[in-house]
file query-v6.csv (CSV, C-alpha atoms)
chain,number,residue,atom,x,y,z
A,30,MET,CA,37.9,34.9,-4.4
A,31,ILE,CA,36.3,37.3,-2.0
A,32,ARG,CA,33.9,38.3,-4.8
A,33,SER,CA,32.8,34.8,-5.4
A,34,ILE,CA,32.2,34.2,-1.7
A,35,MET,CA,30.2,37.5,-1.6
A,36,SER,CA,28.1,36.4,-4.6
A,37,LEU,CA,27.4,33.1,-2.8
A,38,GLY,CA,26.3,34.9,0.3
A,39,ARG,CA,24.1,37.3,-1.7
A,40,GLY,CA,22.5,34.4,-3.5
A,41,THR,CA,21.7,32.6,-0.3
A,42,LEU,CA,20.3,35.7,1.3
A,43,GLU,CA,18.1,36.4,-1.7
A,44,ALA,CA,16.8,32.8,-1.8
A,45,LEU,CA,16.1,32.9,1.9
A,46,SER,CA,14.3,36.3,1.8
A,47,ALA,CA,12.2,35.1,-1.2
A,48,LEU,CA,11.2,32.1,0.8
A,49,GLY,CA,10.4,34.2,3.8
A,50,ARG,CA,8.4,36.6,1.7
A,51,ALA,CA,6.5,33.7,0.1
A,52,ALA,CA,5.7,32.3,3.6
A,53,VAL,CA,4.5,35.6,5.0
A,54,PHE,CA,2.5,36.2,1.8
A,55,LEU,CA,0.8,32.8,2.1
A,56,ALA,CA,-0.1,33.3,5.8
A,57,GLN,CA,-1.5,36.8,5.1
A,58,SER,CA,-3.6,35.7,2.2
A,59,VAL,CA,-5.0,32.5,3.7
A,60,LEU,CA,-5.8,34.1,7.0
A,61,ALA,CA,-7.3,37.2,5.4
A,62,VAL,CA,-10.8,37.7,6.9
A,63,PRO,CA,-13.3,36.9,4.1
A,64,SER,CA,-15.7,39.7,3.3
A,65,ARG,CA,-19.2,39.3,2.0
A,66,GLU,CA,-18.2,39.8,-1.6
A,67,GLY,CA,-15.2,37.5,-1.0
A,68,TRP,CA,-17.6,34.6,-1.6
A,69,HIS,CA,-18.4,35.9,-5.1
A,70,LEU,CA,-14.7,36.5,-5.9
A,71,TRP,CA,-14.0,32.9,-4.8
A,72,LEU,CA,-16.9,31.6,-6.9
A,73,ARG,CA,-15.6,33.3,-10.0
A,74,GLN,CA,-12.1,31.9,-9.5
A,75,MET,CA,-13.6,28.4,-8.9
A,76,HIS,CA,-15.2,28.8,-12.2
A,77,PHE,CA,-12.0,29.8,-14.0
A,78,ILE,CA,-9.6,27.5,-12.1
A,79,GLY,CA,-11.8,24.5,-11.5
A,80,VAL,CA,-14.6,24.2,-14.0
A,81,MET,CA,-12.6,25.4,-17.0
A,82,SER,CA,-9.8,22.9,-16.2
A,83,LEU,CA,-12.3,20.1,-16.1
A,84,ALA,CA,-12.2,19.3,-19.8
A,85,ILE,CA,-8.4,18.9,-20.1
A,86,VAL,CA,-8.2,16.9,-16.9
A,87,LEU,CA,-11.0,14.5,-17.9
A,88,VAL,CA,-9.8,13.9,-21.4
A,89,SER,CA,-6.3,13.3,-20.1
A,90,GLY,CA,-7.7,10.9,-17.4
A,91,LEU,CA,-9.6,9.0,-20.0
A,92,PHE,CA,-6.5,8.5,-22.2
A,93,ILE,CA,-4.2,7.6,-19.3
A,94,GLY,CA,-6.8,5.1,-18.0
A,95,MET,CA,-7.0,3.5,-21.5
A,96,VAL,CA,-3.2,3.3,-21.9
A,97,LEU,CA,-3.0,1.7,-18.4
A,98,GLY,CA,-5.6,-0.8,-19.5
A,99,LEU,CA,-3.8,-1.6,-22.6
A,100,GLN,CA,-0.3,-1.7,-21.2
A,101,GLY,CA,-1.4,-3.6,-18.0
A,102,PHE,CA,-3.2,-6.2,-20.1
A,103,THR,CA,-0.3,-7.0,-22.3
A,104,ILE,CA,2.0,-7.4,-19.3
A,105,LEU,CA,-0.5,-9.3,-17.0
A,106,VAL,CA,-1.7,-11.7,-19.8
A,107,GLY,CA,1.9,-13.1,-19.8
A,108,PHE,CA,1.4,-14.3,-16.3
A,109,GLY,CA,-2.2,-15.4,-16.9
A,110,ALA,CA,-3.2,-12.8,-14.4
A,111,GLU,CA,-5.3,-10.4,-16.5
A,112,ASP,CA,-8.0,-10.6,-13.8
A,113,ALA,CA,-5.8,-8.3,-11.7
A,114,LEU,CA,-6.1,-5.5,-14.3
A,115,GLY,CA,-8.8,-3.6,-12.4
A,116,GLN,CA,-6.7,-3.6,-9.3
A,117,MET,CA,-3.6,-2.4,-11.2
A,118,VAL,CA,-5.4,0.4,-13.0
A,119,ALA,CA,-7.2,1.6,-9.9
A,120,LEU,CA,-4.2,1.6,-7.6
A,121,SER,CA,-1.9,3.3,-10.0
A,122,LEU,CA,-4.5,6.0,-10.7
A,123,LEU,CA,-5.5,6.6,-7.1
A,124,ARG,CA,-2.1,6.5,-5.6
A,125,GLU,CA,0.1,8.1,-8.2
A,126,LEU,CA,-1.1,9.2,-11.6
A,127,GLY,CA,-4.3,10.9,-10.5
A,128,PRO,CA,-2.8,13.4,-8.1
A,129,VAL,CA,0.5,13.9,-10.0
A,130,VAL,CA,-0.8,14.2,-13.5
A,131,THR,CA,-3.7,16.4,-12.4
A,132,ALA,CA,-1.3,18.7,-10.6
A,133,LEU,CA,1.0,19.0,-13.6
A,134,LEU,CA,-1.9,19.7,-15.9
A,135,PHE,CA,-3.2,22.2,-13.4
A,136,ALA,CA,0.1,24.0,-13.2
A,137,GLY,CA,0.2,24.3,-17.0
A,138,ARG,CA,-3.5,25.2,-17.4
A,139,ALA,CA,-4.4,27.3,-14.4
A,140,GLY,CA,-1.1,28.2,-12.7
A,141,SER,CA,0.5,30.0,-15.6
A,142,ALA,CA,-2.7,31.9,-16.2
A,143,LEU,CA,-2.8,33.0,-12.6
A,144,THR,CA,0.8,34.2,-12.7
A,145,ALA,CA,0.3,36.2,-15.9
A,146,GLU,CA,-3.0,37.7,-14.7
A,147,ILE,CA,-1.6,38.9,-11.4
A,148,GLY,CA,1.7,39.9,-13.0
A,149,LEU,CA,-0.1,42.1,-15.5
A,150,MET,CA,-2.1,43.7,-12.7
A,151,LYS,CA,1.2,44.5,-11.0
A,152,ALA,CA,2.8,45.8,-14.2
A,153,THR,CA,-0.1,48.1,-14.9
A,154,GLU,CA,0.0,49.2,-11.2
A,155,GLN,CA,-3.6,48.0,-10.5
A,156,LEU,CA,-2.3,46.4,-7.3
A,157,THR,CA,-0.8,49.7,-6.1
A,158,SER,CA,-3.9,51.6,-6.9
A,159,MET,CA,-5.9,49.1,-4.9
A,160,GLU,CA,-3.7,49.8,-1.9
A,161,MET,CA,-4.1,53.5,-2.4
A,162,ILE,CA,-7.9,53.3,-2.2
A,163,GLY,CA,-7.7,51.1,0.8
A,164,VAL,CA,-8.4,47.7,-0.7
A,165,ASP,CA,-6.1,45.0,0.4
A,166,PRO,CA,-4.9,43.2,-2.8
A,167,LEU,CA,-4.0,40.1,-0.8
A,168,ARG,CA,-7.6,39.8,0.4
A,169,ARG,CA,-9.3,40.8,-2.8
A,170,ILE,CA,-7.0,39.3,-5.5
A,171,VAL,CA,-4.8,36.6,-4.0
A,172,ALA,CA,-6.9,34.9,-1.3
A,173,PRO,CA,-9.8,33.9,-3.6
A,174,ARG,CA,-7.4,32.4,-6.1
A,175,LEU,CA,-5.5,30.5,-3.4
A,176,TRP,CA,-8.7,29.0,-1.9
A,177,ALA,CA,-10.1,28.2,-5.3
A,178,GLY,CA,-7.0,26.3,-6.3
A,179,PHE,CA,-6.9,24.5,-2.9
A,180,VAL,CA,-10.5,23.4,-3.2
A,181,SER,CA,-10.7,22.5,-6.9
A,182,MET,CA,-7.5,20.3,-7.1
A,183,PRO,CA,-9.0,17.4,-5.1
A,184,LEU,CA,-12.2,17.6,-7.0
A,185,LEU,CA,-10.3,17.5,-10.3
A,186,THR,CA,-8.2,14.6,-9.1
A,187,VAL,CA,-11.4,12.6,-8.2
A,188,GLY,CA,-12.7,13.3,-11.7
A,189,PHE,CA,-9.4,12.2,-13.2
A,190,SER,CA,-9.3,8.9,-11.3
A,191,VAL,CA,-13.0,8.1,-12.0
A,192,VAL,CA,-12.7,8.7,-15.7
A,193,GLY,CA,-9.4,6.8,-15.8
A,194,ILE,CA,-10.8,3.8,-14.1
A,195,TRP,CA,-13.7,3.9,-16.6
A,196,GLY,CA,-11.1,4.2,-19.5
A,197,GLY,CA,-9.3,1.1,-18.2
A,198,TYR,CA,-12.7,-0.7,-18.1
A,199,LEU,CA,-13.4,0.4,-21.6
A,200,VAL,CA,-10.2,-1.0,-23.0
A,201,GLY,CA,-9.7,-4.0,-20.7
A,202,VAL,CA,-13.2,-5.3,-20.5
A,203,GLN,CA,-15.0,-4.0,-23.6
A,204,TRP,CA,-12.2,-4.3,-26.0
A,205,LEU,CA,-9.7,-6.9,-24.8
A,206,GLY,CA,-12.2,-9.2,-23.0
A,207,VAL,CA,-11.2,-9.2,-19.3
A,208,PHE,CA,-14.2,-10.6,-17.4
A,209,ASP,CA,-16.4,-7.8,-16.2
A,210,GLY,CA,-16.9,-9.2,-12.7
A,211,SER,CA,-13.3,-9.8,-11.9
A,212,TYR,CA,-12.3,-6.3,-13.1
A,213,TRP,CA,-14.5,-4.8,-10.4
A,214,SER,CA,-14.3,-7.4,-7.6
A,215,ASN,CA,-10.5,-7.6,-7.8
A,216,MET,CA,-10.4,-3.8,-7.5
A,217,GLN,CA,-12.8,-3.8,-4.6
A,218,SER,CA,-10.9,-6.4,-2.6
A,219,ASN,CA,-7.5,-4.7,-3.1
A,220,VAL,CA,-8.3,-1.0,-2.8
A,221,ALA,CA,-8.6,0.3,0.7
A,222,PHE,CA,-10.7,3.5,1.2
A,223,VAL,CA,-8.4,5.2,3.8
A,224,ASP,CA,-5.1,3.8,2.7
A,225,ASP,CA,-5.4,4.3,-1.0
A,226,ILE,CA,-8.2,6.8,-1.8
A,227,LEU,CA,-7.9,9.2,1.1
A,228,ASN,CA,-4.1,9.2,1.0
A,229,GLY,CA,-4.3,10.0,-2.7
A,230,MET,CA,-6.7,12.8,-2.0
A,231,LEU,CA,-4.3,14.1,0.7
A,232,LYS,CA,-1.6,14.2,-1.9
A,233,SER,CA,-3.8,16.3,-4.2
A,234,VAL,CA,-4.7,18.7,-1.4
A,235,VAL,CA,-1.0,19.3,-0.8
A,236,PHE,CA,-0.3,19.7,-4.5
A,237,GLY,CA,-3.2,22.1,-4.9
A,238,LEU,CA,-1.8,24.3,-2.2
A,239,VAL,CA,1.8,24.2,-3.5
A,240,VAL,CA,0.9,24.8,-7.1
A,241,THR,CA,-1.5,27.7,-6.5
A,242,TRP,CA,0.9,29.2,-3.9
A,243,ILE,CA,3.8,29.2,-6.4
A,244,ALA,CA,1.7,30.6,-9.2
A,245,VAL,CA,0.2,33.4,-7.2
A,246,PHE,CA,3.5,34.3,-5.5
A,247,GLN,CA,5.4,34.3,-8.8
A,248,GLY,CA,2.8,36.7,-10.1
A,249,TYR,CA,2.9,38.9,-7.1
A,250,ASP,CA,6.6,39.0,-6.7
A,251,LEU,CA,7.8,39.5,-10.3
A,252,ILE,CA,9.6,42.4,-11.9
A,253,PRO,CA,6.8,44.5,-13.5
A,254,THR,CA,7.9,44.4,-17.1
A,255,SER,CA,6.8,42.3,-20.1
A,256,GLU,CA,10.0,40.3,-19.8
A,257,GLY,CA,9.4,39.8,-16.1
A,258,ILE,CA,5.9,38.4,-16.7
A,259,SER,CA,7.1,35.9,-19.3
A,260,ARG,CA,10.0,34.8,-17.0
A,261,ALA,CA,7.6,34.4,-14.0
A,262,THR,CA,5.1,32.4,-16.1
A,263,THR,CA,7.9,30.0,-17.1
A,264,ARG,CA,9.1,29.8,-13.5
A,265,THR,CA,5.7,29.0,-12.3
A,266,VAL,CA,5.4,25.9,-14.5
A,267,VAL,CA,8.9,24.8,-13.9
A,268,TYR,CA,8.9,25.3,-10.1
A,269,SER,CA,5.4,23.8,-9.7
A,270,SER,CA,6.3,20.7,-11.7
A,271,LEU,CA,9.5,20.1,-9.8
A,272,ALA,CA,7.8,20.7,-6.5
A,273,VAL,CA,5.0,18.3,-7.3
A,274,LEU,CA,7.3,15.5,-8.4
A,275,GLY,CA,9.7,16.0,-5.5
A,276,LEU,CA,6.9,16.2,-2.9
A,277,ASP,CA,5.2,13.2,-4.5
A,278,PHE,CA,8.3,11.1,-3.6
A,279,VAL,CA,8.4,12.4,-0.1
A,280,LEU,CA,4.6,11.9,0.4
A,281,THR,CA,4.7,8.4,-1.1
A,282,ALA,CA,7.6,7.4,1.1
A,283,LEU,CA,5.6,8.6,4.2
A,284,MET,CA,2.3,7.1,3.1
A,285,PHE,CA,3.0,3.8,1.3
A,286,GLY,CA,6.7,3.2,2.1
A,287,GLU,CA,7.8,1.1,5.1
A,288,LEU,CA,8.9,4.4,6.8
A,289,GLY,CA,5.5,5.5,7.8
B,18,MET,CA,-26.5,38.9,-13.2
B,19,LYS,CA,-27.6,36.2,-15.6
B,20,ARG,CA,-24.0,35.3,-16.2
B,21,SER,CA,-23.2,35.2,-12.5
B,22,LYS,CA,-26.1,32.7,-12.0
B,23,MET,CA,-24.7,30.5,-14.7
B,24,MET,CA,-21.3,30.6,-13.1
B,25,GLU,CA,-22.8,29.6,-9.7
B,26,PHE,CA,-24.6,26.8,-11.3
B,27,GLY,CA,-21.4,25.6,-13.1
B,28,VAL,CA,-19.4,25.7,-9.9
B,29,GLY,CA,-22.2,23.9,-8.0
B,30,LEU,CA,-22.3,21.2,-10.6
B,31,PHE,CA,-18.5,20.9,-10.4
B,32,VAL,CA,-18.5,20.4,-6.7
B,33,LEU,CA,-21.4,18.0,-6.9
B,34,ALA,CA,-19.6,16.0,-9.5
B,35,GLY,CA,-16.6,15.8,-7.3
B,36,ILE,CA,-18.6,14.5,-4.3
B,37,LEU,CA,-20.4,12.0,-6.5
B,38,GLY,CA,-17.0,10.8,-7.9
B,39,MET,CA,-15.8,10.4,-4.3
B,40,VAL,CA,-18.9,8.3,-3.5
B,41,PHE,CA,-18.2,6.2,-6.6
B,42,LEU,CA,-14.6,5.7,-5.6
B,43,GLY,CA,-15.7,4.7,-2.1
B,44,LEU,CA,-18.5,2.3,-3.0
B,45,ARG,CA,-17.6,0.9,-6.3
B,46,VAL,CA,-13.8,0.9,-6.3
B,47,SER,CA,-12.9,0.3,-2.7
B,48,GLY,CA,-16.0,-1.7,-1.9
B,49,LEU,CA,-16.7,0.3,1.3
B,50,SER,CA,-19.7,-0.8,3.2
B,51,PHE,CA,-21.3,0.9,6.2
B,52,GLY,CA,-22.2,-0.4,9.6
B,53,MET,CA,-19.8,-3.3,9.6
B,54,PRO,CA,-18.0,-2.8,12.9
B,55,GLN,CA,-20.8,-3.3,15.4
B,56,ASP,CA,-22.6,-6.4,14.2
B,57,THR,CA,-19.8,-9.0,14.5
B,58,PHE,CA,-18.4,-11.4,17.0
B,59,THR,CA,-14.9,-12.5,17.6
B,60,LEU,CA,-13.4,-16.0,17.0
B,61,GLN,CA,-9.8,-17.1,17.3
B,62,ALA,CA,-7.7,-19.8,15.8
B,63,ASN,CA,-4.1,-20.8,16.0
B,64,PHE,CA,-2.3,-21.9,12.9
B,65,SER,CA,1.2,-23.3,12.7
B,66,ASN,CA,1.8,-21.4,9.4
B,67,ILE,CA,-0.4,-18.7,8.0
B,68,GLY,CA,1.4,-18.3,4.7
B,69,GLY,CA,0.3,-15.0,3.1
B,70,LEU,CA,-2.7,-14.3,5.2
B,71,LYS,CA,-3.1,-10.6,6.1
B,72,SER,CA,-5.1,-8.6,8.5
B,73,GLY,CA,-8.3,-7.8,6.4
B,74,SER,CA,-8.3,-11.1,4.5
B,75,ARG,CA,-11.7,-12.6,4.2
B,76,VAL,CA,-13.3,-15.4,6.2
B,77,ALA,CA,-15.5,-17.7,4.2
B,78,MET,CA,-18.0,-20.4,5.0
B,79,ALA,CA,-19.1,-22.7,2.1
B,80,GLY,CA,-17.5,-20.1,-0.1
B,81,VAL,CA,-19.6,-17.2,1.2
B,82,THR,CA,-17.8,-14.3,2.9
B,83,VAL,CA,-18.9,-14.1,6.5
B,84,GLY,CA,-16.2,-12.0,8.1
B,85,ARG,CA,-12.7,-10.6,8.0
B,86,VAL,CA,-9.4,-11.3,9.8
B,87,SER,CA,-8.9,-8.5,12.2
B,88,ASP,CA,-5.6,-9.3,13.8
B,89,ILE,CA,-2.7,-11.7,13.5
B,90,THR,CA,-0.1,-12.0,16.3
B,91,LEU,CA,2.5,-14.5,17.3
B,92,ASP,CA,1.4,-16.6,20.2
B,93,THR,CA,4.5,-16.5,22.5
B,94,LYS,CA,3.4,-19.6,24.4
B,95,TRP,CA,3.1,-22.1,21.6
B,96,LEU,CA,5.1,-20.1,19.0
B,97,ASP,CA,2.4,-20.3,16.4
B,98,ALA,CA,0.2,-17.6,14.7
B,99,GLN,CA,-2.9,-16.5,16.6
B,100,VAL,CA,-5.5,-15.2,14.1
B,101,THR,CA,-8.4,-13.1,15.4
B,102,MET,CA,-11.5,-13.0,13.1
B,103,GLU,CA,-14.6,-10.8,13.1
B,104,VAL,CA,-17.5,-13.0,12.0
B,105,ASP,CA,-21.0,-11.9,11.2
B,106,GLU,CA,-23.2,-11.7,14.3
B,107,SER,CA,-26.0,-13.7,12.7
B,108,LEU,CA,-23.8,-16.7,13.0
B,109,GLU,CA,-23.1,-16.4,16.7
B,110,GLY,CA,-24.1,-19.6,18.5
B,111,LYS,CA,-24.7,-21.4,15.2
B,112,ILE,CA,-21.2,-22.7,14.3
B,113,PRO,CA,-20.5,-26.1,16.0
B,114,ARG,CA,-17.5,-26.2,18.4
B,115,ASP,CA,-15.7,-28.9,16.4
B,116,SER,CA,-15.7,-26.8,13.1
B,117,THR,CA,-12.4,-26.5,11.3
B,118,ALA,CA,-10.6,-23.4,10.1
B,119,ALA,CA,-8.2,-23.8,7.1
B,120,ILE,CA,-6.2,-21.3,5.2
B,121,LEU,CA,-7.1,-21.7,1.6
B,122,THR,CA,-6.0,-19.9,-1.6
B,123,SER,CA,-8.5,-18.6,-4.2
B,124,GLY,CA,-7.2,-19.9,-7.5
B,125,LEU,CA,-3.6,-20.9,-8.0
B,126,LEU,CA,-2.0,-17.4,-7.4
B,127,GLY,CA,-4.9,-15.7,-5.7
B,128,GLU,CA,-5.1,-14.2,-2.2
B,129,GLN,CA,-5.4,-16.4,0.9
B,130,TYR,CA,-8.4,-16.6,3.1
B,131,VAL,CA,-9.7,-18.5,6.1
B,132,GLY,CA,-12.3,-21.2,5.2
B,133,LEU,CA,-14.5,-22.5,7.9
B,134,SER,CA,-15.9,-26.0,7.5
B,135,VAL,CA,-18.8,-26.9,9.8
B,136,GLY,CA,-18.5,-29.8,12.3
B,137,GLY,CA,-21.2,-31.8,14.0
B,138,ALA,CA,-20.9,-31.1,17.7
B,139,PRO,CA,-24.0,-30.0,19.7
B,140,GLU,CA,-22.1,-27.2,21.5
B,141,MET,CA,-21.7,-24.0,19.6
B,142,LEU,CA,-19.0,-21.4,19.3
B,143,GLU,CA,-19.6,-18.1,21.2
B,144,ASP,CA,-18.0,-14.7,21.2
B,145,GLY,CA,-14.2,-15.0,22.0
B,146,ASP,CA,-14.0,-18.7,21.5
B,147,THR,CA,-11.1,-20.5,19.9
B,148,ILE,CA,-11.4,-22.9,17.0
B,149,ARG,CA,-9.2,-25.9,18.0
B,150,ASP,CA,-9.1,-27.8,14.7
B,151,THR,CA,-7.0,-25.9,12.2
B,152,GLN,CA,-5.2,-26.6,9.0
B,153,GLN,CA,-2.2,-24.5,8.1
B,154,ALA,CA,-1.6,-22.7,4.8
B,155,LEU,CA,-0.4,-24.6,1.8
B,156,VAL,CA,3.1,-23.3,1.1
B,157,LEU,CA,4.0,-24.1,-2.5
B,158,GLU,CA,7.7,-24.4,-1.8
B,159,GLU,CA,7.2,-27.0,0.8
B,160,LEU,CA,4.9,-29.0,-1.5
B,161,ILE,CA,7.5,-28.8,-4.3
B,162,GLN,CA,10.3,-29.9,-1.9
B,163,GLN,CA,8.2,-32.9,-0.7
B,164,PHE,CA,7.5,-33.8,-4.3
B,165,VAL,CA,11.1,-33.6,-5.3
B,166,SER,CA,12.4,-35.6,-2.3
B,167,ASN,CA,9.7,-38.3,-3.0
B,168,MET,CA,10.8,-38.5,-6.6
B,169,SER,CA,14.5,-38.8,-5.7
B,170,GLY,CA,13.5,-41.5,-3.2
B,171,ASN,CA,12.1,-43.7,-5.9

call {"tool": "encode", "arguments": {"input": "query-v6.csv", "output": "structure tokens"}}
result
Amino acid sequence: MIRSIMSLGRGTLEALSALGRAAVFLAQSVLAVPSREGWHLWLRQMHFIGVMSLAIVLVSGLFIGMVLGLQGFTILVGFGAEDALGQMVALSLLRELGPVVTALLFAGRAGSALTAEIGLMKATEQLTSMEMIGVDPLRRIVAPRLWAGFVSMPLLTVGFSVVGIWGGYLVGVQWLGVFDGSYWSNMQSNVAFVDDILNGMLKSVVFGLVVTWIAVFQGYDLIPTSEGISRATTRTVVYSSLAVLGLDFVLTALMFGELG
Amino acid sequence: MKRSKMMEFGVGLFVLAGILGMVFLGLRVSGLSFGMPQDTFTLQANFSNIGGLKSGSRVAMAGVTVGRVSDITLDTKWLDAQVTMEVDESLEGKIPRDSTAAILTSGLLGEQYVGLSVGGAPEMLEDGDTIRDTQQALVLEELIQQFVSNMSGN
């Protein structure tokens, strides 16, 4: 009895201290003063996290847009409302699928790699050696990665949405014969720039921060063994996916629900 | 060094593509246009029923979009809907005072908009004026109810 209460208390304390460590870690890395070479480190991470993720994000966006076009058409044609296809494809991509699917792909493609990379640095004691020679690993290793994830996520989301809308156009207009003009004009009259596009971008900024934060922190905080690295990599993908989906509900309720 | 230049180029291209994508979303998908707010003037109209008219719905004249609905409030004096419209400035002083405003529907299930039909009076509407002659929205349920009660009357 007493033992189970003790283990509950220990679990709570551990969870709280991990949360506290993660918050301090985030604040220290983001606020780290950028050095002259920091720009180059950031650029290299932008290349790895952003540019290299572009292919998987764009291909997924194309297929999701095409599926939306196909599914939307078969449903809307039953109401004789296939002209609303453009609006349906654009709104579902901009508000939901763009930010969420990009974040999930990003967690799998870039997040796991970040955790493994930093984890291996920790396991081979590179981080400790850096501290020894007076280089702050938070500033040199962690901060460029955080900023790169933060900046590249909205850019990837824009790419996803644009390609998806084009995919919907390809299937709906070119293949299934929705009228070209009504696809675009219906979209234009029903998509609002601030309410739909900027809110979707805001979502992706939040997801970018959360996913990179989780990935980098899991790498930095893991137990430095090969098993620890594999566990941490798995945790990164699981935690980021859950965080993205949960936050998506909260953000949607605030932005598009009647609560806001 | 060569490799680092390539990388910079790649990242630059990536950021540029993101910005271009954003511009595409703004212009092509949401139909954003610049410089709208200043060159309009305000007209008002009271309707006994606005149906599904929303703030942001379009205002059309002879089928051409000339403005947008900017605000809809309930007029507490007459208990009807007061619709404020922002109309293109080039039309200020050119719409006759006895013009009619009607709430119309584009297509059978399309969205609702305000249609202005031109009258013949010599006086013209100025900024802030109210259109007196209005026609309420066609509510499908009322129409069906009327039709049914006429049928049962026969």

call {"tool": "closest_residue", "arguments": {"input": "query-v6.csv", "among": "B:Val46, B:Leu30, B:Met23, B:Ala79", "to": "chain A", "atoms": "all atoms listed in the file"}}
result
B:Val46

call {"tool": "closest_residue", "arguments": {"input": "query-v6.csv", "among": "B:Glu143, B:Asp115, B:Glu25, B:Glu103", "to": "chain A", "atoms": "only C-alpha atoms"}}
result
B:Glu25

call {"tool": "atom_distance", "arguments": {"input": "query-v6.csv", "atom1": "CA of Ala154 in chain B", "atom2": "CA of Tyr130 in chain B"}}
result
9.3 Å

call {"tool": "closest_atom_pairs", "arguments": {"input": "query-v6.csv", "of": "chain B", "to": "chain A", "cutoff": "6 Å", "atoms": "only C-alpha atoms", "output": "CSV"}}
result
residue,atom,partner,partner_atom,distance
B:Val28,CA,A:His76,CA,5.7
B:Gly35,CA,A:Leu184,CA,4.8
B:Gly38,CA,A:Val187,CA,5.9
B:Val46,CA,A:Gln217,CA,5.1
B:Ser47,CA,A:Gln217,CA,4.5
B:Gly48,CA,A:Gln217,CA,4.7

call {"tool": "write_last_selection", "arguments": {"input": "query-v6.csv", "atoms": "C-alpha atoms", "output": "mmCIF file, keeping the file's coordinate frame"}}
result
data_model
loop_
_atom_site.group_PDB
_atom_site.id
_atom_site.type_symbol
_atom_site.label_atom_id
_atom_site.label_comp_id
_atom_site.auth_asym_id
_atom_site.auth_seq_id
_atom_site.Cartn_x
_atom_site.Cartn_y
_atom_site.Cartn_z
ATOM 1 C CA VAL B 28 -19.400 25.700 -9.900
ATOM 2 C CA GLY B 35 -16.600 15.800 -7.300
ATOM 3 C CA GLY B 38 -17.000 10.800 -7.900
ATOM 4 C CA VAL B 46 -13.800 0.900 -6.300
ATOM 5 C CA SER B 47 -12.900 0.300 -2.700
ATOM 6 C CA GLY B 48 -16.000 -1.700 -1.900
#

call {"tool": "residues_around", "arguments": {"input": "query-v6.csv", "residues": "Ser72 in chain B", "least_positions_apart": "6", "cutoff": "10 Å", "atoms": "all atoms listed in the file", "output": "VMD selection string"}}
result
chain B and resid 85 to 90 100 to 102

call {"tool": "closest_atom_pairs", "arguments": {"input": "query-v6.csv", "of": "range 105-192 of chain A", "to": "range 269-284 of chain A", "cutoff": "8 Å", "atoms": "all atoms listed in the file", "output": "Markdown table"}}
result
| residue | atom | partner | partner_atom | distance |
| --- | --- | --- | --- | --- |
| A:Val129 | CA | A:Val273 | CA | 6.8 |
| A:Ala132 | CA | A:Val273 | CA | 7.1 |
| A:Leu133 | CA | A:Ser270 | CA | 5.9 |
| A:Ala136 | CA | A:Ser269 | CA | 6.4 |

call {"tool": "write_last_selection", "arguments": {"input": "query-v6.csv", "atoms": "C-alpha atoms", "output": "compact mmCIF listing (two decimals), keeping the file's coordinate frame"}}
result
# COMPACT_ATOMS: atom_id res chain seq x y z
CA VAL A 129 0.50 13.90 -10.00
CA ALA A 132 -1.30 18.70 -10.60
CA LEU A 133 1.00 19.00 -13.60
CA ALA A 136 0.10 24.00 -13.20

call {"tool": "residues_around", "arguments": {"input": "query-v6.csv", "residues": "Thr241 in chain A", "least_positions_apart": "4", "cutoff": "10 Å", "atoms": "all atoms listed in the file", "output": "list in words"}}
result
Ile78, Ala132, Phe135, Ala136, Ala139, Gly140, Ser141, Leu143, Thr144, Val171, Arg174, Leu175, Trp176, Ala177, Gly178, Phe179, Met182, Phe236, Gly237, Val245, Phe246, Gln247, Thr265 and Ser269 of chain A

call {"tool": "atom_distance", "arguments": {"input": "query-v6.csv", "atom1": "CA of Leu133 in chain B", "atom2": "CA of Gly80 in chain B"}}
result
8.9 Å
